[in-house]
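Engineer: The structure file structure_32.cif (mmCIF, N, CA and C atoms and all ligand atoms) is provided below.
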data_start
loop_
_atom_site.group_PDB
_atom_site.id
_atom_site.type_symbol
_atom_site.label_atom_id
_atom_site.label_comp_id
_atom_site.auth_asym_id
_atom_site.auth_seq_id
_atom_site.Cartn_x
_atom_site.Cartn_y
_atom_site.Cartn_z
ATOM 1 N N MET C 1 23.535 21.571 -6.532
ATOM 2 C CA MET C 1 22.338 21.569 -5.689
ATOM 3 C C MET C 1 22.643 20.999 -4.298
ATOM 4 N N GLU C 2 21.994 21.536 -3.313
ATOM 5 C CA GLU C 2 22.221 21.023 -1.960
ATOM 6 C C GLU C 2 21.648 19.619 -1.822
ATOM 7 N N ASP C 3 22.264 18.878 -0.917
ATOM 8 C CA ASP C 3 21.809 17.507 -0.730
ATOM 9 C C ASP C 3 20.350 17.432 -0.292
ATOM 10 N N SER C 4 20.000 18.330 0.627
ATOM 11 C CA SER C 4 18.637 18.260 1.164
ATOM 12 C C SER C 4 17.605 18.526 0.060
ATOM 13 N N ARG C 5 17.977 19.389 -0.866
ATOM 14 C CA ARG C 5 17.079 19.703 -1.976
ATOM 15 C C ARG C 5 16.925 18.478 -2.873
ATOM 16 N N ILE C 6 18.044 17.830 -3.136
ATOM 17 C CA ILE C 6 17.995 16.618 -3.961
ATOM 18 C C ILE C 6 17.141 15.554 -3.278
ATOM 19 N N ASP C 7 17.326 15.422 -1.973
ATOM 20 C CA ASP C 7 16.533 14.447 -1.233
ATOM 21 C C ASP C 7 15.047 14.711 -1.392
ATOM 22 N N SER C 8 14.675 15.963 -1.265
ATOM 23 C CA SER C 8 13.239 16.250 -1.316
ATOM 24 C C SER C 8 12.693 16.025 -2.720
ATOM 25 N N LEU C 9 13.537 16.264 -3.730
ATOM 26 C CA LEU C 9 13.103 15.970 -5.094
ATOM 27 C C LEU C 9 12.914 14.476 -5.294
ATOM 28 N N ASN C 10 13.845 13.706 -4.765
ATOM 29 C CA ASN C 10 13.719 12.257 -4.879
ATOM 30 C C ASN C 10 12.453 11.773 -4.191
ATOM 31 N N LEU C 11 12.179 12.357 -3.041
ATOM 32 C CA LEU C 11 10.974 11.991 -2.303
ATOM 33 C C LEU C 11 9.741 12.294 -3.128
ATOM 34 N N LYS C 12 9.759 13.453 -3.741
ATOM 35 C CA LYS C 12 8.606 13.862 -4.544
ATOM 36 C C LYS C 12 8.389 12.881 -5.688
ATOM 37 N N ALA C 13 9.469 12.538 -6.374
ATOM 38 C CA ALA C 13 9.359 11.591 -7.484
ATOM 39 C C ALA C 13 8.828 10.255 -6.991
ATOM 40 N N ARG C 14 9.334 9.834 -5.843
ATOM 41 C CA ARG C 14 8.893 8.566 -5.295
ATOM 42 C C ARG C 14 7.401 8.616 -4.978
ATOM 43 N N ASP C 15 6.985 9.707 -4.353
ATOM 44 C CA ASP C 15 5.586 9.822 -3.958
ATOM 45 C C ASP C 15 4.669 9.873 -5.175
ATOM 46 N N ASP C 16 5.133 10.538 -6.238
ATOM 47 C CA ASP C 16 4.333 10.592 -7.459
ATOM 48 C C ASP C 16 4.132 9.199 -8.041
ATOM 49 N N ARG C 17 5.236 8.450 -8.111
ATOM 50 C CA ARG C 17 5.160 7.090 -8.634
ATOM 51 C C ARG C 17 4.159 6.275 -7.842
ATOM 52 N N PHE C 18 4.306 6.404 -6.573
ATOM 53 C CA PHE C 18 3.478 5.790 -5.584
ATOM 54 C C PHE C 18 1.997 5.980 -5.852
ATOM 55 N N PHE C 19 1.614 7.235 -6.014
ATOM 56 C CA PHE C 19 0.192 7.523 -6.150
ATOM 57 C C PHE C 19 -0.319 7.196 -7.535
ATOM 58 N N ARG C 20 0.544 7.306 -8.537
ATOM 59 C CA ARG C 20 0.135 6.866 -9.869
ATOM 60 C C ARG C 20 -0.163 5.376 -9.849
ATOM 61 N N ALA C 21 0.715 4.624 -9.191
ATOM 62 C CA ALA C 21 0.525 3.178 -9.104
ATOM 63 C C ALA C 21 -0.763 2.860 -8.360
ATOM 64 N N ALA C 22 -0.976 3.584 -7.263
ATOM 65 C CA ALA C 22 -2.173 3.337 -6.455
ATOM 66 C C ALA C 22 -3.429 3.681 -7.250
ATOM 67 N N GLU C 23 -3.351 4.751 -8.021
ATOM 68 C CA GLU C 23 -4.484 5.165 -8.830
ATOM 69 C C GLU C 23 -4.853 4.075 -9.833
ATOM 70 N N SER C 24 -3.820 3.482 -10.440
ATOM 71 C CA SER C 24 -4.078 2.429 -11.415
ATOM 72 C C SER C 24 -4.730 1.224 -10.740
ATOM 73 N N VAL C 25 -4.335 0.976 -9.501
ATOM 74 C CA VAL C 25 -4.959 -0.127 -8.766
ATOM 75 C C VAL C 25 -6.438 0.164 -8.544
ATOM 76 N N LEU C 26 -6.729 1.389 -8.140
ATOM 77 C CA LEU C 26 -8.115 1.745 -7.841
ATOM 78 C C LEU C 26 -8.992 1.691 -9.089
ATOM 79 N N LYS C 27 -8.411 2.019 -10.238
ATOM 80 C CA LYS C 27 -9.180 1.992 -11.479
ATOM 81 C C LYS C 27 -9.388 0.581 -11.980
ATOM 82 N N LYS C 28 -8.322 -0.205 -11.890
ATOM 83 C CA LYS C 28 -8.293 -1.487 -12.581
ATOM 84 C C LYS C 28 -8.785 -2.631 -11.714
ATOM 85 N N TYR C 29 -8.471 -2.570 -10.441
ATOM 86 C CA TYR C 29 -8.715 -3.721 -9.594
ATOM 87 C C TYR C 29 -10.019 -3.566 -8.817
ATOM 88 N N ARG C 30 -10.489 -4.690 -8.343
ATOM 89 C CA ARG C 30 -11.626 -4.647 -7.454
ATOM 90 C C ARG C 30 -11.141 -5.031 -6.057
ATOM 91 N N ILE C 31 -11.528 -4.230 -5.089
ATOM 92 C CA ILE C 31 -11.082 -4.485 -3.725
ATOM 93 C C ILE C 31 -12.278 -4.920 -2.890
ATOM 94 N N CYS C 32 -12.195 -6.135 -2.383
ATOM 95 C CA CYS C 32 -13.313 -6.709 -1.635
ATOM 96 C C CYS C 32 -12.903 -7.006 -0.201
ATOM 97 N N ARG C 33 -13.652 -6.453 0.707
ATOM 98 C CA ARG C 33 -13.334 -6.685 2.114
ATOM 99 C C ARG C 33 -14.043 -7.937 2.609
ATOM 100 N N ARG C 34 -13.282 -8.837 3.220
ATOM 101 C CA ARG C 34 -13.905 -10.048 3.755
ATOM 102 C C ARG C 34 -14.628 -9.741 5.057
ATOM 103 N N ASP C 35 -15.642 -10.533 5.336
ATOM 104 C CA ASP C 35 -16.435 -10.321 6.549
ATOM 105 C C ASP C 35 -15.666 -10.716 7.800
ATOM 106 N N ARG C 36 -14.830 -11.721 7.664
ATOM 107 C CA ARG C 36 -14.149 -12.261 8.835
ATOM 108 C C ARG C 36 -12.745 -11.695 8.985
ATOM 109 N N LEU C 37 -12.360 -11.469 10.243
ATOM 110 C CA LEU C 37 -10.976 -11.099 10.524
ATOM 111 C C LEU C 37 -10.102 -12.346 10.446
ATOM 112 N N GLU C 38 -8.836 -12.134 10.183
ATOM 113 C CA GLU C 38 -7.889 -13.243 10.156
ATOM 114 C C GLU C 38 -6.710 -12.863 11.041
ATOM 115 N N ASP C 39 -6.538 -13.569 12.153
ATOM 116 C CA ASP C 39 -5.489 -13.229 13.133
ATOM 117 C C ASP C 39 -5.561 -11.764 13.547
ATOM 118 N N GLY C 40 -6.758 -11.224 13.641
ATOM 119 C CA GLY C 40 -6.909 -9.827 14.041
ATOM 120 C C GLY C 40 -6.787 -8.833 12.893
ATOM 121 N N PHE C 41 -6.496 -9.326 11.706
ATOM 122 C CA PHE C 41 -6.368 -8.449 10.536
ATOM 123 C C PHE C 41 -7.672 -8.396 9.744
ATOM 124 N N VAL C 42 -7.959 -7.236 9.176
ATOM 125 C CA VAL C 42 -9.012 -7.131 8.182
ATOM 126 C C VAL C 42 -8.407 -7.569 6.854
ATOM 127 N N VAL C 43 -9.116 -8.420 6.145
ATOM 128 C CA VAL C 43 -8.557 -9.005 4.927
ATOM 129 C C VAL C 43 -9.292 -8.474 3.696
ATOM 130 N N PHE C 44 -8.515 -8.077 2.698
ATOM 131 C CA PHE C 44 -9.081 -7.573 1.446
ATOM 132 C C PHE C 44 -8.587 -8.429 0.287
ATOM 133 N N ASP C 45 -9.494 -8.811 -0.584
ATOM 134 C CA ASP C 45 -9.102 -9.480 -1.820
ATOM 135 C C ASP C 45 -8.977 -8.425 -2.908
ATOM 136 N N VAL C 46 -7.809 -8.394 -3.534
ATOM 137 C CA VAL C 46 -7.569 -7.449 -4.621
ATOM 138 C C VAL C 46 -7.546 -8.255 -5.911
ATOM 139 N N THR C 47 -8.586 -8.069 -6.731
ATOM 140 C CA THR C 47 -8.709 -8.879 -7.943
ATOM 141 C C THR C 47 -8.839 -7.989 -9.177
ATOM 142 N N GLY C 48 -8.648 -8.599 -10.331
ATOM 143 C CA GLY C 48 -8.832 -7.852 -11.585
ATOM 144 C C GLY C 48 -7.528 -7.533 -12.282
ATOM 145 N N GLY C 49 -6.396 -7.730 -11.599
ATOM 146 C CA GLY C 49 -5.098 -7.542 -12.237
ATOM 147 C C GLY C 49 -4.669 -8.851 -12.882
ATOM 148 N N THR C 50 -3.397 -8.948 -13.251
ATOM 149 C CA THR C 50 -2.932 -10.189 -13.858
ATOM 150 C C THR C 50 -2.998 -11.328 -12.853
ATOM 151 N N GLN C 51 -2.902 -10.975 -11.584
ATOM 152 C CA GLN C 51 -3.008 -11.975 -10.533
ATOM 153 C C GLN C 51 -3.779 -11.393 -9.365
ATOM 154 N N ASP C 52 -4.387 -12.270 -8.598
ATOM 155 C CA ASP C 52 -5.124 -11.806 -7.418
ATOM 156 C C ASP C 52 -4.196 -11.775 -6.208
ATOM 157 N N TYR C 53 -4.377 -10.772 -5.377
ATOM 158 C CA TYR C 53 -3.557 -10.672 -4.193
ATOM 159 C C TYR C 53 -4.428 -10.453 -2.958
ATOM 160 N N VAL C 54 -3.849 -10.714 -1.812
ATOM 161 C CA VAL C 54 -4.566 -10.520 -0.561
ATOM 162 C C VAL C 54 -3.811 -9.500 0.283
ATOM 163 N N VAL C 55 -4.505 -8.458 0.689
ATOM 164 C CA VAL C 55 -3.914 -7.427 1.540
ATOM 165 C C VAL C 55 -4.546 -7.537 2.919
ATOM 166 N N ARG C 56 -3.720 -7.495 3.953
ATOM 167 C CA ARG C 56 -4.233 -7.544 5.318
ATOM 168 C C ARG C 56 -3.870 -6.247 6.037
ATOM 169 N N VAL C 57 -4.854 -5.698 6.722
ATOM 170 C CA VAL C 57 -4.653 -4.441 7.433
ATOM 171 C C VAL C 57 -5.067 -4.647 8.881
ATOM 172 N N HIS C 58 -4.192 -4.291 9.805
ATOM 173 C CA HIS C 58 -4.558 -4.419 11.204
ATOM 174 C C HIS C 58 -5.385 -3.199 11.620
ATOM 175 N N PRO C 59 -6.596 -3.434 12.152
ATOM 176 C CA PRO C 59 -7.487 -2.298 12.444
ATOM 177 C C PRO C 59 -6.925 -1.331 13.479
ATOM 178 N N GLU C 60 -6.072 -1.814 14.390
ATOM 179 C CA GLU C 60 -5.486 -0.874 15.377
ATOM 180 C C GLU C 60 -4.042 -0.529 15.035
ATOM 181 N N TRP C 61 -3.616 -0.945 13.865
ATOM 182 C CA TRP C 61 -2.261 -0.681 13.383
ATOM 183 C C TRP C 61 -1.204 -1.214 14.342
ATOM 184 N N LEU C 62 -1.463 -2.389 14.920
ATOM 185 C CA LEU C 62 -0.455 -3.032 15.777
ATOM 186 C C LEU C 62 0.620 -3.676 14.909
ATOM 187 N N ALA C 63 0.293 -3.864 13.650
ATOM 188 C CA ALA C 63 1.283 -4.343 12.685
ATOM 189 C C ALA C 63 1.024 -3.608 11.386
ATOM 190 N N ASN C 64 2.043 -3.481 10.555
ATOM 191 C CA ASN C 64 1.857 -2.821 9.275
ATOM 192 C C ASN C 64 1.073 -3.731 8.322
ATOM 193 N N PRO C 65 0.394 -3.119 7.364
ATOM 194 C CA PRO C 65 -0.339 -3.919 6.382
ATOM 195 C C PRO C 65 0.621 -4.827 5.611
ATOM 196 N N ASP C 66 0.123 -5.955 5.156
ATOM 197 C CA ASP C 66 0.962 -6.756 4.268
ATOM 198 C C ASP C 66 0.160 -7.205 3.052
ATOM 199 N N CYS C 67 0.907 -7.679 2.054
ATOM 200 C CA CYS C 67 0.298 -8.070 0.780
ATOM 201 C C CYS C 67 1.022 -9.310 0.287
ATOM 202 N N THR C 68 0.300 -10.133 -0.474
ATOM 203 C CA THR C 68 0.897 -11.378 -0.954
ATOM 204 C C THR C 68 1.670 -11.205 -2.253
ATOM 205 N N CYS C 69 1.724 -9.983 -2.808
ATOM 206 C CA CYS C 69 2.423 -9.811 -4.089
ATOM 207 C C CYS C 69 3.939 -9.828 -3.874
ATOM 208 N N PRO C 70 4.679 -10.184 -4.912
ATOM 209 C CA PRO C 70 6.148 -10.246 -4.774
ATOM 210 C C PRO C 70 6.770 -8.874 -4.516
ATOM 211 N N ASP C 71 6.155 -7.837 -5.032
ATOM 212 C CA ASP C 71 6.712 -6.491 -4.868
ATOM 213 C C ASP C 71 6.760 -6.079 -3.398
ATOM 214 N N ALA C 72 5.760 -6.474 -2.641
ATOM 215 C CA ALA C 72 5.701 -6.107 -1.225
ATOM 216 C C ALA C 72 6.904 -6.669 -0.478
ATOM 217 N N ALA C 73 7.356 -7.837 -0.905
ATOM 218 C CA ALA C 73 8.474 -8.480 -0.226
ATOM 219 C C ALA C 73 9.821 -7.992 -0.749
ATOM 220 N N GLN C 74 9.831 -7.409 -1.957
ATOM 221 C CA GLN C 74 11.116 -7.035 -2.549
ATOM 222 C C GLN C 74 11.286 -5.529 -2.683
ATOM 223 N N ARG C 75 10.973 -4.998 -3.864
ATOM 224 C CA ARG C 75 11.264 -3.597 -4.128
ATOM 225 C C ARG C 75 10.574 -2.657 -3.131
ATOM 226 N N ALA C 76 9.305 -2.917 -2.895
ATOM 227 C CA ALA C 76 8.561 -2.018 -2.019
ATOM 228 C C ALA C 76 9.098 -2.062 -0.583
ATOM 229 N N ARG C 77 9.676 -3.206 -0.227
ATOM 230 C CA ARG C 77 10.208 -3.304 1.137
ATOM 231 C C ARG C 77 11.340 -2.302 1.340
ATOM 232 N N VAL C 78 12.125 -2.142 0.295
ATOM 233 C CA VAL C 78 13.254 -1.227 0.351
ATOM 234 C C VAL C 78 12.803 0.229 0.163
ATOM 235 N N CYS C 79 11.948 0.454 -0.816
ATOM 236 C CA CYS C 79 11.608 1.829 -1.200
ATOM 237 C C CYS C 79 10.532 2.439 -0.319
ATOM 238 N N THR C 80 9.545 1.665 0.042
ATOM 239 C CA THR C 80 8.387 2.254 0.707
ATOM 240 C C THR C 80 7.932 1.426 1.904
ATOM 241 N N ARG C 81 8.895 0.871 2.590
ATOM 242 C CA ARG C 81 8.600 0.122 3.813
ATOM 243 C C ARG C 81 7.587 -1.001 3.627
ATOM 244 N N GLY C 82 7.664 -1.635 2.474
ATOM 245 C CA GLY C 82 6.794 -2.779 2.247
ATOM 246 C C GLY C 82 5.403 -2.422 1.776
ATOM 247 N N TYR C 83 5.166 -1.136 1.565
ATOM 248 C CA TYR C 83 3.856 -0.720 1.081
ATOM 249 C C TYR C 83 3.833 -0.788 -0.438
ATOM 250 N N CYS C 84 3.286 -1.850 -0.974
ATOM 251 C CA CYS C 84 3.168 -1.970 -2.430
ATOM 252 C C CYS C 84 1.931 -1.201 -2.886
ATOM 253 N N LYS C 85 1.712 -1.172 -4.193
ATOM 254 C CA LYS C 85 0.577 -0.396 -4.708
ATOM 255 C C LYS C 85 -0.768 -0.965 -4.266
ATOM 256 N N HIS C 86 -0.811 -2.262 -4.026
ATOM 257 C CA HIS C 86 -2.089 -2.854 -3.577
ATOM 258 C C HIS C 86 -2.450 -2.374 -2.176
ATOM 259 N N ILE C 87 -1.437 -2.315 -1.322
ATOM 260 C CA ILE C 87 -1.665 -1.825 0.046
ATOM 261 C C ILE C 87 -2.103 -0.363 0.001
ATOM 262 N N ILE C 88 -1.395 0.433 -0.799
ATOM 263 C CA ILE C 88 -1.751 1.846 -0.931
ATOM 264 C C ILE C 88 -3.189 1.968 -1.428
ATOM 265 N N GLY C 89 -3.522 1.173 -2.437
ATOM 266 C CA GLY C 89 -4.874 1.212 -2.998
ATOM 267 C C GLY C 89 -5.930 0.878 -1.960
ATOM 268 N N VAL C 90 -5.659 -0.163 -1.185
ATOM 269 C CA VAL C 90 -6.610 -0.577 -0.135
ATOM 270 C C VAL C 90 -6.753 0.522 0.915
ATOM 271 N N LEU C 91 -5.631 1.081 1.341
ATOM 272 C CA LEU C 91 -5.677 2.116 2.378
ATOM 273 C C LEU C 91 -6.387 3.370 1.874
ATOM 274 N N LEU C 92 -6.115 3.730 0.618
ATOM 275 C CA LEU C 92 -6.756 4.924 0.056
ATOM 276 C C LEU C 92 -8.267 4.751 -0.048
ATOM 277 N N SER C 93 -8.680 3.537 -0.341
ATOM 278 C CA SER C 93 -10.108 3.341 -0.588
ATOM 279 C C SER C 93 -10.887 3.043 0.695
ATOM 280 N N ASN C 94 -10.179 2.955 1.809
ATOM 281 C CA ASN C 94 -10.864 2.732 3.084
ATOM 282 C C ASN C 94 -10.498 3.843 4.062
ATOM 283 N N GLU C 95 -11.370 4.794 4.168
ATOM 284 C CA GLU C 95 -11.082 6.004 4.924
ATOM 285 C C GLU C 95 -10.622 5.715 6.354
ATOM 286 N N GLU C 96 -11.227 4.711 6.968
ATOM 287 C CA GLU C 96 -10.892 4.398 8.362
ATOM 288 C C GLU C 96 -9.436 3.937 8.535
ATOM 289 N N PHE C 97 -8.828 3.441 7.448
ATOM 290 C CA PHE C 97 -7.444 2.949 7.541
ATOM 291 C C PHE C 97 -6.442 3.884 6.868
ATOM 292 N N ARG C 98 -6.932 4.995 6.352
ATOM 293 C CA ARG C 98 -6.085 5.841 5.518
ATOM 294 C C ARG C 98 -4.876 6.370 6.286
ATOM 295 N N TYR C 99 -5.041 6.591 7.574
ATOM 296 C CA TYR C 99 -3.934 7.125 8.372
ATOM 297 C C TYR C 99 -2.718 6.202 8.351
ATOM 298 N N GLN C 100 -2.944 4.931 8.069
ATOM 299 C CA GLN C 100 -1.808 3.992 8.076
ATOM 300 C C GLN C 100 -0.880 4.204 6.887
ATOM 301 N N LEU C 101 -1.303 5.039 5.947
ATOM 302 C CA LEU C 101 -0.421 5.437 4.844
ATOM 303 C C LEU C 101 0.792 6.208 5.343
ATOM 304 N N LEU C 102 0.620 6.858 6.461
ATOM 305 C CA LEU C 102 1.704 7.676 7.020
ATOM 306 C C LEU C 102 3.030 6.945 7.084
ATOM 307 N N GLU C 103 2.958 5.695 7.477
ATOM 308 C CA GLU C 103 4.170 4.904 7.672
ATOM 309 C C GLU C 103 5.083 4.930 6.448
ATOM 310 N N ALA C 104 4.464 4.938 5.272
ATOM 311 C CA ALA C 104 5.244 4.883 4.046
ATOM 312 C C ALA C 104 6.012 6.176 3.795
ATOM 313 N N PHE C 105 5.636 7.231 4.492
ATOM 314 C CA PHE C 105 6.267 8.524 4.229
ATOM 315 C C PHE C 105 7.173 8.990 5.343
ATOM 316 N N LEU C 106 7.326 8.186 6.368
ATOM 317 C CA LEU C 106 8.153 8.620 7.504
ATOM 318 C C LEU C 106 9.632 8.355 7.224
HETATM 319 ZN ZN ZN C 201 0.940 -5.895 -3.323
#
As a first step, turn the structure in this file into structure tokens.

Structural biologist:
Amino acid sequence: MEDSRIDSLNLKARDDRFFRAAESVLKKYRICRRDRLEDGFVVFDVTGGTQDYVVRVHPEWLANPDCTCPDAAQRARVCTRGYCKHIIGVLLSNEEFRYQLLEAFL
């Protein structure tokens, strides 16, 4: 198989994993948007999983979203530019920020 074909298959597998994980977040977790900005970020509490996490999204995308979970700092940093499933879940569930998902696929 050509390399480019293999690459696109790997991408597809990655993206599938990605959205399955995000889907589970949307089903299982509760995402609550705080009223106050924090350092210019919109803050979301992601609760209902084994642990609660905080996702921050910059409304003008001057910085990428971040999350307090360990995955965001480790595996997701390498595989998906730091976009863990909580970040994906938050972005998917907030239409105004959905465009920031793009970063994970570039
Ligand atoms: Zn996370």

Engineer: Got a sec to check which residues lie within 8 Å of ligand ZN 201 (chain C), using only N, CA and C atoms and all ligand atoms, and send them as a ChimeraX atom specification?

Structural biologist: /C:53-55,66-73,82-88

Engineer: Which residues are close to range 25-41 of chain C, i.e. within 5 Å by all atoms listed in the file, leaving aside same-chain residues fewer than 5 positions away? Reply as a ChimeraX atom specification.

Structural biologist: /C:46-48,57-58

Engineer: Tell me, in Å to one decimal, how far atom C of Arg56 in chain C is from atom C of Val42 in chain C.

Structural biologist: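 Interatomic distance, atom C of Arg56 in chain C to atom C of Val42 in chain C: 4.8 Å.
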
Engineer: Quick one: residues within 9 Å of Phe105 in chain C, only C-alpha atoms counted, chain neighbours fewer than 2 positions away excluded, as a list in words?

Structural biologist: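 Skipping anything fewer than 2 positions along the chain leaves Leu11, Asp15, Thr80, Arg81, Leu101, Leu102 and Glu103 of chain C.
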
Engineer: Could you state the separation of atom N of Phe44 in chain C and atom C of Val90 in chain C in Å, given to one decimal place?

Structural biologist: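 Straight-line distance from atom N of Phe44 in chain C to atom C of Val90 in chain C works out to 9.0 Å.
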